[in-house]
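Visitor: Data: my_file-v6.cif, mmCIF, C-alpha atoms and all ligand atoms.
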data_upload
#
loop_
_atom_site.label_atom_id
_atom_site.label_comp_id
_atom_site.auth_asym_id
_atom_site.auth_seq_id
_atom_site.Cartn_x
_atom_site.Cartn_y
_atom_site.Cartn_z
CA MET Y 23 119.48 104.40 107.90
CA SER Y 24 117.24 106.73 105.92
CA ASP Y 25 114.40 108.58 107.66
CA LEU Y 26 111.84 106.61 105.65
CA ARG Y 27 113.34 103.25 106.62
CA GLU Y 28 113.40 104.36 110.23
CA LEU Y 29 109.76 105.43 110.04
CA TYR Y 30 108.79 102.10 108.45
CA GLN Y 31 110.64 100.23 111.18
CA GLU Y 32 108.87 102.24 113.89
CA VAL Y 33 105.46 101.44 112.36
CA ILE Y 34 106.26 97.70 112.30
CA ILE Y 35 107.59 97.69 115.88
CA ASP Y 36 104.57 99.64 117.13
CA HIS Y 37 102.06 97.28 115.48
CA SER Y 38 103.92 94.13 116.56
CA LYS Y 39 103.99 95.26 120.19
CA ARG Y 40 100.44 96.63 120.27
CA PRO Y 41 98.56 94.80 117.52
CA ARG Y 42 95.24 96.45 116.61
CA ASN Y 43 92.06 94.39 116.15
CA PHE Y 44 93.77 91.44 117.86
CA HIS Y 45 90.85 89.47 119.23
CA VAL Y 46 88.46 86.66 118.48
CA MET Y 47 85.19 87.79 116.90
CA PRO Y 48 82.61 85.17 117.90
CA ASP Y 49 79.85 86.54 115.65
CA ALA Y 50 82.01 86.79 112.51
CA LYS Y 51 80.41 85.08 109.52
CA GLN Y 52 83.62 84.43 107.57
CA ILE Y 53 86.52 82.84 109.45
CA SER Y 54 89.70 81.32 108.07
CA VAL Y 55 92.85 79.83 109.60
CA GLY Y 56 96.17 80.35 107.82
CA HIS Y 57 99.40 78.39 108.34
CA ASN Y 58 102.96 79.39 107.62
CA PRO Y 59 104.53 76.05 106.67
CA LEU Y 60 108.06 77.33 107.35
CA CYS Y 61 107.53 77.93 111.07
CA GLY Y 62 104.19 76.32 111.92
CA ASP Y 63 102.63 79.60 113.07
CA LYS Y 64 98.87 79.89 112.68
CA MET Y 65 96.63 82.89 112.34
CA THR Y 66 92.85 83.20 112.26
CA VAL Y 67 91.12 86.06 110.44
CA PHE Y 68 87.55 87.01 111.33
CA LEU Y 69 85.44 88.98 108.89
CA LYS Y 70 82.08 90.66 108.76
CA VAL Y 71 80.93 91.64 105.30
CA ASP Y 72 77.72 93.51 104.68
CA ASP Y 73 76.44 94.30 101.21
CA GLY Y 74 79.89 93.69 99.67
CA ARG Y 75 81.69 95.90 102.20
CA ILE Y 76 83.97 94.86 105.08
CA THR Y 77 82.32 96.22 108.20
CA ASP Y 78 84.64 94.57 110.71
CA VAL Y 79 87.81 92.48 110.69
CA SER Y 80 90.03 91.08 113.42
CA PHE Y 81 92.70 88.41 113.88
CA ASP Y 82 94.03 86.03 116.49
CA GLY Y 83 96.96 83.64 116.71
CA THR Y 84 100.69 83.52 117.12
CA GLY Y 85 103.50 84.70 114.93
CA CYS Y 86 106.67 86.70 114.69
CA ALA Y 87 106.84 90.50 114.87
CA ILE Y 88 106.51 90.84 111.08
CA SER Y 89 103.41 88.64 110.86
CA MET Y 90 101.72 90.31 113.84
CA ALA Y 91 102.44 93.81 112.52
CA SER Y 92 101.29 92.83 109.04
CA ALA Y 93 98.00 91.44 110.36
CA SER Y 94 97.45 94.49 112.54
CA LEU Y 95 98.05 96.96 109.70
CA MET Y 96 95.98 94.83 107.34
CA THR Y 97 92.94 94.94 109.62
CA GLU Y 98 93.30 98.71 110.03
CA SER Y 99 93.46 99.24 106.30
CA LEU Y 100 90.48 97.03 105.44
CA LYS Y 101 87.62 98.40 107.49
CA GLY Y 102 85.05 100.05 105.27
CA LYS Y 103 86.61 98.75 102.04
CA SER Y 104 84.62 96.84 99.47
CA VAL Y 105 85.54 93.20 98.86
CA ALA Y 106 86.89 94.20 95.42
CA GLU Y 107 89.09 96.88 96.99
CA ALA Y 108 90.37 94.37 99.57
CA VAL Y 109 91.33 91.91 96.82
CA GLN Y 110 93.08 94.73 94.94
CA LEU Y 111 94.98 95.72 98.09
CA PHE Y 112 96.02 92.08 98.56
CA GLY Y 113 97.49 92.14 95.05
CA MET Y 114 99.39 95.38 95.68
CA PHE Y 115 100.74 94.15 99.01
CA HIS Y 116 101.79 90.82 97.52
CA GLU Y 117 103.63 92.61 94.73
CA LEU Y 118 105.31 94.90 97.28
CA VAL Y 119 106.78 92.02 99.30
CA THR Y 120 107.67 89.74 96.38
CA SER Y 121 109.18 92.16 93.85
CA GLU Y 122 112.90 92.57 93.34
CA PRO Y 123 114.26 95.09 95.85
CA GLY Y 124 113.97 98.64 94.49
CA GLN Y 125 111.95 97.51 91.46
CA ILE Y 126 108.51 98.51 92.60
CA LYS Y 127 106.93 101.92 92.69
CA ILE Y 128 105.02 102.03 95.95
CA ALA Y 129 101.35 102.67 95.30
CA GLU Y 130 99.87 105.50 97.33
CA ALA Y 131 96.87 103.32 98.13
CA LEU Y 132 99.09 101.12 100.32
CA GLY Y 133 99.42 103.87 102.94
CA LYS Y 134 101.14 102.53 106.07
CA LEU Y 135 101.36 99.08 104.48
CA ALA Y 136 104.33 100.48 102.54
CA ALA Y 137 106.29 99.86 105.77
CA PHE Y 138 106.77 96.31 104.47
CA ALA Y 139 108.69 97.41 101.37
CA GLY Y 140 111.94 96.11 102.91
CA VAL Y 141 110.60 92.57 103.31
CA CYS Y 142 111.40 91.70 99.69
CA GLU Y 143 115.10 91.77 100.67
CA PHE Y 144 114.47 88.86 103.06
CA PRO Y 145 112.70 86.09 101.10
CA ILE Y 146 112.21 83.95 104.21
CA ARG Y 147 110.12 86.78 105.70
CA VAL Y 148 107.72 87.04 102.75
CA LYS Y 149 105.55 84.24 104.14
CA CYS Y 150 105.48 86.00 107.52
CA ALA Y 151 104.33 89.29 105.99
CA SER Y 152 101.76 87.66 103.74
CA LEU Y 153 100.28 85.13 106.21
CA ALA Y 154 97.43 87.42 107.29
CA TRP Y 155 96.71 88.41 103.69
CA HIS Y 156 96.47 84.84 102.40
CA THR Y 157 94.22 84.06 105.34
CA LEU Y 158 92.08 87.08 104.52
CA ARG Y 159 91.72 85.96 100.90
CA ALA Y 160 90.67 82.49 102.04
CA ALA Y 161 88.07 84.04 104.38
CA LEU Y 162 86.73 86.20 101.54
CA GLU Y 163 86.44 83.08 99.37
CA GLY Y 164 84.67 81.19 102.18
CA LYS Y 165 87.57 78.74 102.68
CA GLN Y 166 88.19 77.72 106.26
CA GLU Y 167 91.89 76.90 105.93
CA THR Y 168 94.81 78.04 103.85
CA THR Y 169 98.59 77.88 103.67
CA THR Y 170 100.85 80.70 102.51
CA GLU Y 171 102.02 79.99 98.97
FE1 LIG T 1 106.26 82.32 111.91
FE2 LIG T 1 107.05 84.66 110.93
S1 LIG T 1 108.28 83.15 111.87
S2 LIG T 1 105.07 83.81 110.91
#
Written as structure tokens, that's how I'd like the structure from this file.
Ligand code: FES

Guide:
Amino acid sequence: MSDLRELYQEVIIDHSKRPRNFHVMPDAKQISVGHNPLCGDKMTVFLKVDDGRITDVSFDGTGCAISMASASLMTESLKGKSVAEAVQLFGMFHELVTSEPGQIKIAEALGKLAAFAGVCEFPIRVKCASLAWHTLRAALEGKQETTTE
């Protein structure tokens, strides 16, 4: 296994075992629940947006190691970003996990989220990795429920 793959795997294991921002946020103004139709897992994303900028974000729910790590890294990468930047990051992440293996140049802006580059080799895992992101997009759009596409 290459050093980079090993590093990516360590990041995913770390975030799945000790997910960051994993809590209910009772005073969040934008809340959405996402479902993965393949396994039935559900995730809730809580958002606070002030003047077009994400001031706080957290998540709660159940899922596999990939979905928990993805949600954890997503919340870490979003704090302080504008809504437009968050939507752009969603697009980059979605492209990362759905492109043909080896076909995508990993954008620097993805940072640690690049750890999910290997997911595209396992199509069944794409919904796991993108569950938190679809839920985030629904929360940004003011929708209370969504399903991974
Ligand atoms: Fe349910 Fe991955 S198996 S989210």

Visitor: So what do you get for atom CA of Y:Val141 versus atom CA of Y:Ile53, distance-wise?

Guide: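 Spanning atom CA of Y:Val141 to atom CA of Y:Ile53 is a straight-line distance of 26.7 Å.
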
Visitor: Within 6 Å of ligand LIG 1 (chain T), counting all atoms listed in the file, which protein or nucleic acid residues do you find, written as a PyMOL selection string?

Guide: chain Y and resi 58+61+63+85-86+89+150

Visitor: Please write the residues from the selection above to a file, keeping C-alpha atoms, as a short mmCIF file (atom, residue, chain, number, x, y, z; two decimals), keeping the file's coordinate frame.

Guide:
data_model
loop_
_atom_site.label_atom_id
_atom_site.label_comp_id
_atom_site.auth_asym_id
_atom_site.auth_seq_id
_atom_site.Cartn_x
_atom_site.Cartn_y
_atom_site.Cartn_z
CA ASN Y 58 102.96 79.39 107.62
CA CYS Y 61 107.53 77.93 111.07
CA ASP Y 63 102.63 79.60 113.07
CA GLY Y 85 103.50 84.70 114.93
CA CYS Y 86 106.67 86.70 114.69
CA SER Y 89 103.41 88.64 110.86
CA CYS Y 150 105.48 86.00 107.52
#

Visitor: If you measure from atom CA of Y:Leu29 to atom CA of Y:Ala137, what distance in Å do you get, rounded to one decimal?

Guide: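 Computed distance, atom CA of Y:Leu29 to atom CA of Y:Ala137, equals 7.8 Å.
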
Visitor: Quick one: everything within 12 Å of Y:Lys101, counting only C-alpha atoms, minus sequence neighbours fewer than 3 positions away in the same chain. Send it as a PyMOL selection string.

Guide: chain Y and resi 43+69-72+74-80+94-98+104-105+107-108

Visitor: Taking (100.5, 93.6, 107.7) in the file's coordinates as the center, which residues reach within 10 Å of it, counting all atoms listed in the file, put as an MDAnalysis selection string?

Guide: chainID Y and resid 34 37:38 88:99 115 134:138 150:155

Visitor: Taking into account only C-alpha atoms, which residue in the set Y:Leu26, Y:Val148, Y:Val67, Y:Leu118 is nearest to Y:Gln52?

Guide: Y:Val67
